[in-house]
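Asks: Sharing final.cif here; it has mmCIF, C-alpha atoms.
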data_upload
#
loop_
_atom_site.label_atom_id
_atom_site.label_comp_id
_atom_site.auth_asym_id
_atom_site.auth_seq_id
_atom_site.Cartn_x
_atom_site.Cartn_y
_atom_site.Cartn_z
CA MET N 254 89.92 -92.27 374.23
CA GLY N 255 90.90 -95.47 372.42
CA TRP N 256 87.51 -95.81 370.70
CA LEU N 257 87.68 -92.16 369.60
CA VAL N 258 91.11 -92.72 368.02
CA LEU N 259 89.90 -95.85 366.22
CA GLY N 260 86.75 -94.01 365.10
CA LEU N 261 88.80 -91.17 363.63
CA PHE N 262 91.03 -93.69 361.84
CA CYS N 263 88.04 -95.50 360.33
CA GLY N 264 86.52 -92.15 359.38
CA GLY N 265 89.70 -91.24 357.53
CA LEU N 266 89.61 -94.50 355.58
CA VAL N 267 85.96 -93.97 354.62
CA ALA N 268 86.65 -90.34 353.65
CA CYS N 269 89.45 -91.43 351.30
CA LEU N 270 87.05 -93.89 349.69
CA LEU N 271 84.27 -91.33 349.25
CA LEU N 272 86.64 -88.65 347.94
CA ASN N 273 88.41 -91.15 345.66
CA VAL N 274 91.87 -90.33 347.04
CA SER N 275 94.66 -92.73 347.93
CA ILE N 276 94.19 -94.70 351.12
CA LEU N 277 97.82 -93.90 351.93
CA TYR N 278 96.70 -90.48 353.22
CA ALA N 279 94.42 -92.16 355.76
CA LEU N 280 97.14 -94.62 356.75
CA GLY N 281 99.63 -91.78 357.26
CA ALA N 282 97.09 -89.84 359.32
CA GLY N 283 96.39 -93.03 361.28
CA LEU N 284 100.05 -93.37 362.17
CA GLY N 285 99.99 -89.81 363.46
CA LEU N 286 96.87 -90.53 365.55
CA PHE N 287 98.37 -93.65 367.06
CA LEU N 288 101.61 -91.86 367.91
CA LEU N 289 99.62 -89.10 369.63
CA TYR N 290 97.62 -91.71 371.54
CA GLY N 291 100.85 -93.34 372.68
CA ARG N 292 102.20 -89.95 373.80
CA ARG N 293 98.97 -89.38 375.75
CA LYS N 294 99.57 -92.72 377.46
CA GLY N 295 102.96 -91.47 378.65
CA PHE N 296 105.37 -92.96 376.12
CA PRO N 297 108.25 -90.68 375.01
CA TRP N 298 108.41 -89.72 371.31
CA ALA N 299 111.69 -91.55 370.75
CA GLU N 300 110.23 -94.82 372.03
CA LEU N 301 107.07 -94.40 369.95
CA VAL N 302 109.09 -93.88 366.77
CA ARG N 303 111.16 -96.93 367.65
CA MET N 304 107.95 -98.95 368.08
CA ALA N 305 106.77 -97.90 364.61
CA LEU N 306 110.11 -98.82 363.04
CA ASP N 307 110.12 -102.18 364.85
CA GLY N 308 106.74 -102.88 363.28
CA VAL N 309 108.08 -102.16 359.80
CA LYS N 310 111.09 -104.42 360.44
CA THR N 311 108.74 -107.40 360.91
CA VAL N 312 107.83 -107.25 357.21
CA LYS N 313 111.25 -106.41 355.71
CA ASN N 314 111.45 -109.78 353.95
CA ILE N 315 108.06 -109.33 352.32
CA LEU N 316 109.13 -105.89 351.04
CA ILE N 317 112.13 -107.46 349.30
CA THR N 318 109.79 -110.07 347.83
CA PHE N 319 107.46 -107.34 346.55
CA LEU N 320 110.33 -105.81 344.57
CA LEU N 321 111.19 -109.20 343.08
CA ILE N 322 107.56 -109.73 342.09
CA GLY N 323 107.54 -106.36 340.32
CA VAL N 324 110.63 -107.29 338.28
CA LEU N 325 109.31 -110.79 337.61
CA THR N 326 105.93 -109.68 336.28
CA ALA N 327 107.54 -107.07 334.02
CA LEU N 328 110.10 -109.46 332.52
CA TRP N 329 107.53 -112.21 332.04
CA ARG N 330 105.63 -109.77 329.86
CA ALA N 331 108.74 -108.58 327.99
CA ALA N 332 110.00 -112.15 327.41
CA GLY N 333 106.65 -113.24 325.93
CA THR N 334 106.01 -115.67 328.80
CA ILE N 335 102.55 -114.38 329.66
CA PRO N 336 101.47 -113.96 325.99
CA VAL N 337 102.52 -117.55 325.15
CA ILE N 338 100.72 -119.00 328.18
CA VAL N 339 97.62 -116.92 327.44
CA CYS N 340 97.57 -118.01 323.78
CA TRP N 341 97.87 -121.68 324.75
CA ALA N 342 95.16 -121.35 327.38
CA ALA N 343 92.77 -119.41 325.11
CA ARG N 344 92.69 -122.32 322.65
CA LEU N 345 90.89 -124.36 325.32
CA ILE N 346 87.91 -122.03 325.51
CA ARG N 347 84.68 -123.28 323.95
CA PRO N 348 81.34 -121.41 324.08
CA GLY N 349 79.42 -124.10 325.98
CA VAL N 350 81.96 -124.27 328.79
CA PHE N 351 83.15 -120.66 328.59
CA LEU N 352 82.41 -119.69 332.21
CA LEU N 353 84.07 -122.82 333.58
CA MET N 354 87.14 -122.21 331.41
CA ALA N 355 87.23 -118.52 332.38
CA PHE N 356 87.33 -119.57 336.04
CA LEU N 357 89.98 -122.25 335.48
CA LEU N 358 92.21 -120.18 333.18
CA ASN N 359 92.22 -117.18 335.51
CA ALA N 360 92.92 -119.51 338.42
CA GLY N 361 95.85 -121.03 336.52
CA VAL N 362 97.38 -117.72 335.46
CA SER N 363 96.97 -116.29 338.97
CA VAL N 364 98.81 -119.30 340.42
CA LEU N 365 101.68 -118.62 338.01
CA THR N 366 101.83 -114.88 338.55
CA GLY N 367 100.55 -114.60 342.13
CA THR N 368 98.62 -111.42 341.38
CA SER N 369 94.87 -110.94 341.16
CA PHE N 370 95.15 -107.50 339.54
CA GLY N 371 97.74 -108.65 336.98
CA THR N 372 95.70 -111.73 336.08
CA ALA N 373 92.51 -109.70 335.68
CA ALA N 374 94.35 -107.24 333.44
CA THR N 375 95.60 -110.04 331.16
CA MET N 376 93.64 -113.28 331.14
CA GLY N 377 90.61 -111.54 332.68
CA VAL N 378 90.46 -108.93 329.91
CA ILE N 379 90.91 -111.65 327.28
CA CYS N 380 88.09 -113.73 328.78
CA ALA N 381 85.83 -110.68 328.93
CA THR N 382 86.58 -109.91 325.27
CA MET N 383 85.91 -113.50 324.25
CA GLY N 384 82.74 -113.53 326.34
CA GLY N 385 81.55 -110.42 324.53
CA VAL N 386 82.22 -112.03 321.15
CA MET N 387 80.32 -115.15 322.26
CA GLY N 388 77.41 -113.17 323.69
CA VAL N 389 77.94 -114.25 327.31
CA PRO N 390 76.52 -111.73 329.84
CA VAL N 391 79.40 -109.73 331.34
CA ILE N 392 77.96 -110.08 334.85
CA LEU N 393 78.61 -113.84 334.63
CA THR N 394 82.06 -113.42 333.16
CA GLY N 395 82.97 -110.96 335.91
CA GLY N 396 82.02 -113.41 338.65
CA ALA N 397 84.00 -116.27 337.09
CA VAL N 398 87.06 -114.06 336.57
CA LEU N 399 86.93 -112.68 340.12
CA SER N 400 86.74 -116.19 341.56
CA GLY N 401 89.63 -117.35 339.40
CA VAL N 402 92.02 -114.48 340.05
CA PHE N 403 91.71 -114.90 343.81
CA PHE N 404 92.20 -118.65 343.70
CA GLY N 405 95.86 -118.10 342.83
CA ASP N 406 96.12 -114.88 344.83
CA ARG N 407 95.36 -117.04 347.87
CA CYS N 408 97.59 -120.04 347.24
CA SER N 409 100.37 -119.11 344.80
CA PRO N 410 103.96 -119.32 346.11
CA VAL N 411 104.56 -115.85 344.62
CA SER N 412 101.33 -114.26 345.87
CA THR N 413 101.82 -111.07 347.88
CA SER N 414 98.91 -111.94 350.17
CA ALA N 415 100.13 -115.51 350.81
CA LEU N 416 103.66 -114.24 351.45
CA LEU N 417 102.32 -111.54 353.78
CA VAL N 418 100.33 -114.08 355.80
CA ALA N 419 103.35 -116.39 356.04
CA GLU N 420 105.55 -113.50 357.16
CA LEU N 421 103.07 -112.27 359.78
CA THR N 422 102.51 -115.73 361.26
CA GLY N 423 106.11 -116.94 360.97
CA THR N 424 105.08 -120.00 358.95
CA SER N 425 106.31 -121.71 355.78
CA ILE N 426 104.42 -120.63 352.69
CA PHE N 427 104.73 -124.13 351.22
CA ASP N 428 103.21 -125.74 354.32
CA ASN N 429 100.45 -123.13 354.23
CA ILE N 430 99.72 -123.84 350.55
CA LYS N 431 99.47 -127.56 351.26
CA ARG N 432 96.83 -126.91 353.91
CA MET N 433 95.06 -124.29 351.78
CA LEU N 434 94.64 -126.73 348.91
CA LYS N 435 92.92 -129.19 351.25
CA THR N 436 90.36 -126.66 352.50
CA ALA N 437 89.84 -125.31 348.98
CA LEU N 438 89.11 -128.67 347.31
CA VAL N 439 85.36 -128.87 347.92
CA PRO N 440 84.65 -125.14 347.28
CA PHE N 441 86.76 -125.34 344.11
CA LEU N 442 84.87 -128.38 342.78
CA VAL N 443 81.49 -126.88 343.65
CA SER N 444 82.51 -123.64 341.93
CA CYS N 445 83.47 -125.61 338.81
CA ALA N 446 80.05 -127.29 338.84
CA VAL N 447 78.25 -123.96 339.27
CA TYR N 448 80.14 -122.30 336.40
CA PHE N 449 79.64 -125.36 334.19
CA LEU N 450 75.86 -125.27 334.76
CA LEU N 451 75.68 -121.49 334.36
CA GLY N 452 77.62 -121.79 331.11
CA LEU N 453 75.17 -124.33 329.74
CA LEU N 454 72.12 -122.32 330.80
CA SER N 455 73.33 -118.82 329.88
CA PRO N 456 72.95 -117.41 326.34
CA HIS N 457 76.03 -117.68 324.15
CA GLY N 458 77.03 -117.73 320.51
CA GLU N 459 79.85 -119.43 318.61
CA GLY N 460 82.26 -116.52 318.11
CA THR N 461 86.00 -116.95 318.59
CA MET N 462 89.02 -114.68 318.87
CA ASP N 463 92.49 -115.08 317.33
CA LEU N 464 94.89 -114.13 320.11
CA THR N 465 97.94 -115.61 318.39
CA ALA N 466 97.69 -113.12 315.54
CA LEU N 467 97.19 -110.29 318.03
CA PHE N 468 100.24 -111.07 320.20
CA ALA N 469 102.38 -111.96 317.17
CA ARG N 470 102.43 -108.24 316.33
CA GLU N 471 104.60 -107.65 319.42
CA PHE N 472 106.26 -111.00 320.31
CA ARG N 473 107.90 -114.08 318.88
CA LEU N 474 105.57 -116.71 320.30
CA SER N 475 108.11 -119.48 320.83
CA PRO N 476 107.58 -122.33 323.37
CA TRP N 477 110.92 -121.24 324.89
CA ALA N 478 109.13 -118.19 326.25
CA ALA N 479 107.37 -120.44 328.78
CA VAL N 480 110.69 -121.43 330.43
CA PRO N 481 110.57 -118.75 333.20
CA ALA N 482 107.14 -120.01 334.29
CA ALA N 483 108.36 -123.61 334.24
CA VAL N 484 111.38 -122.63 336.35
CA ILE N 485 109.31 -121.10 339.12
CA LEU N 486 106.80 -123.97 339.10
CA ILE N 487 109.50 -126.64 339.35
CA LEU N 488 111.46 -124.81 342.06
CA SER N 489 108.27 -124.19 344.04
CA LEU N 490 107.40 -127.89 343.89
CA LEU N 491 110.92 -128.60 345.17
CA ARG N 492 110.22 -126.13 348.03
CA VAL N 493 113.09 -123.86 347.09
CA ASN N 494 113.00 -120.51 348.91
CA VAL N 495 110.51 -118.23 347.17
CA LYS N 496 112.97 -115.38 346.69
CA LEU N 497 115.52 -117.76 345.14
CA ALA N 498 112.84 -119.26 342.89
CA MET N 499 111.78 -115.82 341.69
CA GLY N 500 115.41 -114.82 341.18
CA ALA N 501 116.00 -117.92 339.04
CA SER N 502 112.88 -117.18 336.99
CA ILE N 503 114.02 -113.58 336.45
CA LEU N 504 117.43 -114.80 335.27
CA ALA N 505 115.73 -117.25 332.90
CA ALA N 506 113.63 -114.42 331.45
CA VAL N 507 116.57 -112.09 330.73
CA PRO N 508 118.11 -114.01 327.77
CA LEU N 509 114.64 -114.52 326.31
CA CYS N 510 114.03 -110.78 326.44
CA LEU N 511 117.40 -110.02 324.84
CA TRP N 512 117.66 -112.68 322.16
CA LEU N 513 114.20 -114.12 321.56
CA GLN N 514 112.32 -110.82 321.68
CA GLY N 515 115.27 -108.61 320.67
CA ARG N 516 114.99 -106.08 323.49
CA ALA N 517 117.89 -103.73 324.24
CA PRO N 518 119.69 -104.18 327.59
CA LEU N 519 119.05 -100.62 328.75
CA ALA N 520 115.40 -100.85 327.74
CA LEU N 521 115.18 -104.09 329.74
CA LEU N 522 116.45 -102.33 332.86
CA GLN N 523 113.82 -99.67 332.42
CA THR N 524 111.16 -102.35 331.96
CA ALA N 525 112.22 -104.01 335.21
CA LEU N 526 111.95 -100.68 336.99
CA THR N 527 108.86 -99.04 335.49
CA GLY N 528 107.05 -101.96 333.84
CA PHE N 529 106.46 -103.35 330.36
CA VAL N 530 105.01 -101.04 327.70
CA ALA N 531 103.92 -102.58 324.40
CA ALA N 532 104.29 -100.70 321.13
CA ASP N 533 101.01 -102.06 319.75
CA ALA N 534 97.97 -100.31 321.29
CA ASP N 535 95.77 -103.44 321.35
CA VAL N 536 98.50 -105.49 323.03
CA ALA N 537 99.25 -102.64 325.42
CA ALA N 538 95.64 -102.62 326.65
CA MET N 539 96.06 -106.23 327.77
CA LEU N 540 99.70 -106.51 328.82
CA ASN N 541 101.16 -103.21 330.01
CA GLY N 542 102.28 -103.28 333.64
CA GLY N 543 104.59 -104.84 336.18
CA GLY N 544 107.90 -103.39 337.31
CA VAL N 545 109.25 -102.27 340.67
CA THR N 546 107.16 -99.10 340.59
CA SER N 547 103.96 -101.17 340.35
CA MET N 548 104.69 -102.59 343.80
CA LEU N 549 105.47 -99.30 345.54
CA ARG N 550 101.87 -98.57 346.51
CA VAL N 551 101.22 -101.97 348.10
CA ALA N 552 104.65 -101.82 349.75
CA ALA N 553 103.78 -98.42 351.23
CA ILE N 554 100.44 -99.76 352.50
CA VAL N 555 102.17 -102.71 354.14
CA CYS N 556 104.89 -100.47 355.64
CA LEU N 557 102.43 -98.01 357.16
CA SER N 558 100.04 -100.71 358.34
CA SER N 559 102.79 -102.83 359.89
CA SER N 560 104.14 -99.77 361.73
CA TYR N 561 100.96 -99.93 363.82
CA SER N 562 101.55 -103.45 365.17
CA VAL N 563 104.02 -102.73 368.00
CA LEU N 564 102.22 -99.45 368.80
CA PHE N 565 98.93 -101.31 369.21
CA ARG N 566 100.50 -103.98 371.39
CA LYS N 567 102.45 -101.72 373.74
CA THR N 568 99.88 -98.92 374.07
CA GLY N 569 96.96 -101.34 374.50
CA LEU N 570 94.85 -99.46 371.94
CA LEU N 571 93.14 -102.60 370.62
CA ASP N 572 92.81 -104.45 373.92
CA ARG N 573 89.06 -103.82 374.33
CA VAL N 574 88.37 -104.77 370.72
CA ARG N 575 90.36 -107.99 371.16
CA GLN N 576 88.45 -108.79 374.34
CA ALA N 577 85.12 -108.36 372.52
CA ILE N 578 86.31 -110.62 369.70
CA GLY N 579 87.52 -113.17 372.26
CA ARG N 580 84.08 -113.22 373.92
CA LEU N 581 82.44 -113.71 370.52
CA ALA N 582 84.82 -116.59 369.75
CA GLY N 583 83.92 -118.22 373.08
CA ARG N 584 80.21 -118.07 372.28
CA THR N 585 80.60 -119.21 368.66
CA SER N 586 83.98 -120.38 367.33
CA PRO N 587 87.38 -118.79 366.63
CA PHE N 588 86.80 -119.14 362.88
CA PHE N 589 83.39 -117.44 363.01
CA ALA N 590 84.84 -114.58 365.07
CA MET N 591 87.69 -114.18 362.58
CA LEU N 592 85.27 -114.28 359.62
CA LEU N 593 83.09 -111.54 361.14
CA THR N 594 86.17 -109.47 361.99
CA SER N 595 87.43 -109.91 358.42
CA THR N 596 84.11 -108.71 357.00
CA LEU N 597 84.08 -105.58 359.15
CA ALA N 598 87.80 -104.94 358.61
CA GLY N 599 87.36 -105.35 354.84
CA MET N 600 84.48 -102.85 354.87
CA VAL N 601 86.66 -100.30 356.66
CA ALA N 602 90.10 -101.03 355.17
CA CYS N 603 88.90 -101.12 351.54
CA ASN N 604 91.91 -103.21 350.45
CA GLN N 605 93.22 -106.70 351.02
CA SER N 606 96.62 -105.99 352.60
CA LEU N 607 95.30 -103.77 355.37
CA THR N 608 92.44 -106.20 356.01
CA ILE N 609 94.96 -109.02 356.54
CA LEU N 610 97.08 -106.90 358.86
CA LEU N 611 94.11 -105.70 360.93
CA VAL N 612 92.62 -109.18 361.31
CA HIS N 613 96.01 -110.58 362.29
CA GLN N 614 96.35 -107.87 364.95
CA LEU N 615 92.88 -108.45 366.34
CA CYS N 616 92.56 -112.24 366.12
CA ARG N 617 96.01 -113.77 366.54
CA SER N 618 95.30 -114.69 370.18
CA LEU N 619 92.39 -116.88 369.03
CA ARG N 620 94.77 -119.32 367.34
CA PRO N 621 97.88 -120.17 369.41
CA ASP N 622 99.16 -122.43 366.60
CA PRO N 623 100.71 -120.19 363.89
CA SER N 624 99.78 -122.67 361.13
CA ASP N 625 96.12 -122.61 362.18
CA LEU N 626 96.21 -118.81 362.33
CA ALA N 627 97.71 -118.65 358.82
CA LEU N 628 95.04 -120.97 357.40
CA ASP N 629 92.21 -119.04 359.03
CA LEU N 630 93.57 -115.74 357.69
CA GLU N 631 93.70 -117.22 354.19
CA ASP N 632 90.16 -118.55 354.47
CA THR N 633 88.72 -115.31 355.84
CA ALA N 634 90.56 -112.01 355.30
CA VAL N 635 92.15 -112.94 351.96
CA VAL N 636 88.91 -114.04 350.26
CA VAL N 637 86.43 -111.77 352.06
CA ALA N 638 88.17 -108.49 351.15
CA PRO N 639 87.30 -108.73 347.41
CA LEU N 640 83.63 -109.39 348.25
CA VAL N 641 83.24 -105.90 349.72
CA PRO N 642 81.77 -103.92 346.77
CA TRP N 643 83.73 -100.73 347.54
CA SER N 644 87.05 -102.45 348.28
CA ILE N 645 89.73 -102.08 345.61
CA ALA N 646 90.45 -105.80 346.05
CA GLY N 647 87.35 -106.70 344.04
CA ALA N 648 86.53 -103.41 342.34
CA VAL N 649 89.82 -103.17 340.41
CA PRO N 650 89.63 -106.66 338.79
CA LEU N 651 85.95 -106.14 337.91
CA SER N 652 86.70 -102.70 336.47
CA ALA N 653 89.53 -104.20 334.39
CA VAL N 654 87.16 -106.63 332.70
CA GLY N 655 84.30 -104.12 332.43
CA ALA N 656 81.99 -106.03 334.77
CA PRO N 657 79.52 -104.38 337.21
CA GLY N 658 80.03 -104.53 340.96
CA VAL N 659 77.07 -106.90 341.33
CA SER N 660 79.30 -109.58 339.76
CA VAL N 661 80.67 -110.24 343.27
CA LEU N 662 77.45 -112.20 343.85
CA LEU N 663 78.62 -114.69 341.22
CA ALA N 664 82.18 -114.98 342.56
CA CYS N 665 81.02 -118.16 344.24
CA TYR N 666 84.47 -119.55 345.16
CA LEU N 667 85.11 -116.52 347.39
CA TYR N 668 82.13 -117.17 349.65
CA LEU N 669 81.88 -120.96 349.30
CA LEU N 670 85.33 -121.29 350.88
CA PRO N 671 84.52 -119.57 354.23
CA VAL N 672 81.05 -121.15 354.28
CA TRP N 673 82.63 -124.59 353.83
CA ARG N 674 85.07 -123.87 356.66
CA LEU N 675 82.16 -122.81 358.89
CA CYS N 676 80.35 -126.07 358.13
CA CYS N 677 83.48 -128.07 358.95
CA THR N 678 83.87 -126.18 362.23
CA ARG N 679 80.28 -126.98 363.24
CA GLN N 680 80.74 -130.66 362.39
CA ARG N 681 83.83 -130.89 364.62
CA LYS N 682 81.75 -129.52 367.47
#
Let me see whether you can do it: turn the structure in this file into structure tokens.
Replies:
Amino acid sequence: MGWLVLGLFCGGLVACLLLNVSILYALGAGLGLFLLYGRRKGFPWAELVRMALDGVKTVKNILITFLLIGVLTALWRAAGTIPVIVCWAARLIRPGVFLLMAFLLNAGVSVLTGTSFGTAATMGVICATMGGVMGVPVILTGGAVLSGVFFGDRCSPVSTSALLVAELTGTSIFDNIKRMLKTALVPFLVSCAVYFLLGLLSPHGEGTMDLTALFAREFRLSPWAAVPAAVILILSLLRVNVKLAMGASILAAVPLCLWLQGRAPLALLQTALTGFVAADADVAAMLNGGGVTSMLRVAAIVCLSSSYSVLFRKTGLLDRVRQAIGRLAGRTSPFFAMLLTSTLAGMVACNQSLTILLVHQLCRSLRPDPSDLALDLEDTAVVVAPLVPWSIAGAVPLSAVGAPGVSVLLACYLYLLPVWRLCCTRQRK
């Protein structure tokens, strides 16, 4: 019975993918299936509903953080913070080292913003445009951008995935980031070397692009606009609570929106709610987005997915799957078992958040230490999900920059990281 329920759930996820409809329908249907399974096991409806609500309560803090991230990303756009940072960064790009700089710049912006999709839609689009002007093949640009946007998505203090992992494992995001940076060092350096060599060997011209003139149509590009980013970086280094750091950055952005950029107070409230909308069409193509509404979909995914957790535990639906994974871990290693589970979960879940939640549910018994569990989730589920060609985790950033799906093969940081961890695990044995 349990395998049939899981099979129907996976079938619903695949059907949503094939029919190009929101995965939320499959997640809602899944909740219904799991409730029916629990009723079949003898649990009363009231207790089953309470189990689902208890699961949602475990992620209440991350839901608040999601709302703050939506406001933050909108006001950073409206205040000119992202345009100023992008203009400064774009001046560093040179044709011979374009791919390396595309990787590094997207990594830097994603660390600041904590969002792979937002980074791809801003710095990623800019890099793709510059690459086109310089004659760099878009398949190479796509791989460098995808690697870069998930570097920060994995280890930014304002990343939704990093915050979700910390919340699920009950760990400190700052302690997790410290450990993540250690495991990422070698894959990051090797990725830099690969993109440097590819940049030298790939065809390119000498074209350039004037971003300052483009953004000056919409913003006053003052250095003061970078203050909100500086605030969150400094407070994060001081290990201030993430929600407080984001709140401080939002407060720093408000006067810049009002007085530097001349935005009306009521318009600013609307921006915080529904996202930034530029008046200039060319700027809009690169910068529109953010706002509370931009986080509603991922919040709904996390809510529905987390509602499963207590249901799974108390009804025993995943017990046989966990036992199989445990046997695999005994024959190989906990990390290998988690990596394989992440690959299969990513192929079924088709998005990063659900992949993280499923792998946590299935593999948390493999790592009794919460910090070890958090690190393994970051080095498997978080970076494997975007490598699945049909997952929105990788497909959306690549679509934003106009790169083909095959560009995942050149997102070397995403697979060098788990491979490096596997090598380290074998050496310890």
Asks: Find the residue from N:Ile392, N:Leu557, N:Leu365, N:Val324 that sits nearest to Leu663 (chain N); use all atoms listed in the file when measuring.
Replies: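 Nearest candidate to Leu663 (chain N) out of N:Ile392, N:Leu557, N:Leu365, N:Val324: N:Ile392.
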Asks: For Val378 (chain N), which residue out of N:Leu306, N:Val536, N:Ala602, N:Cys408 is the nearest one, using only C-alpha atoms?
Replies: N:Val536
Asks: For Met591 (chain N), please output as a list in words all residues within 8 Å (counting only C-alpha atoms; exclusion window: fewer than 4 positions along the same chain).
Replies: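 Surrounding residues, per the criterion: Pro587, Ser595, Val612, Cys616, Asp629, Leu630 and Thr633 of chain N.
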Asks: Check the smallest atom-to-atom distance from each of N:Leu467, N:Leu272, N:Val309, N:Ala664 to Tyr561 (chain N) using all atoms listed in the file, then report the winner.
Replies: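 Looking at the shortest contact to Tyr561 (chain N), the residue is N:Val309.
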Asks: Could you work out how far CA of Gly599 (chain N) lies from CA of Ile276 (chain N), giving the answer in Å with one decimal?
Replies: 13.2 Å
Asks: Fewer than 6 positions away in the same chain doesn't count, so skip those; otherwise give me all residues within 10 Å of Val555 (chain N), counting all atoms listed in the file, as number ranges by chain.
Replies: N: 280, 309, 312-313, 315-316, 417, 549, 606-607, 609-610
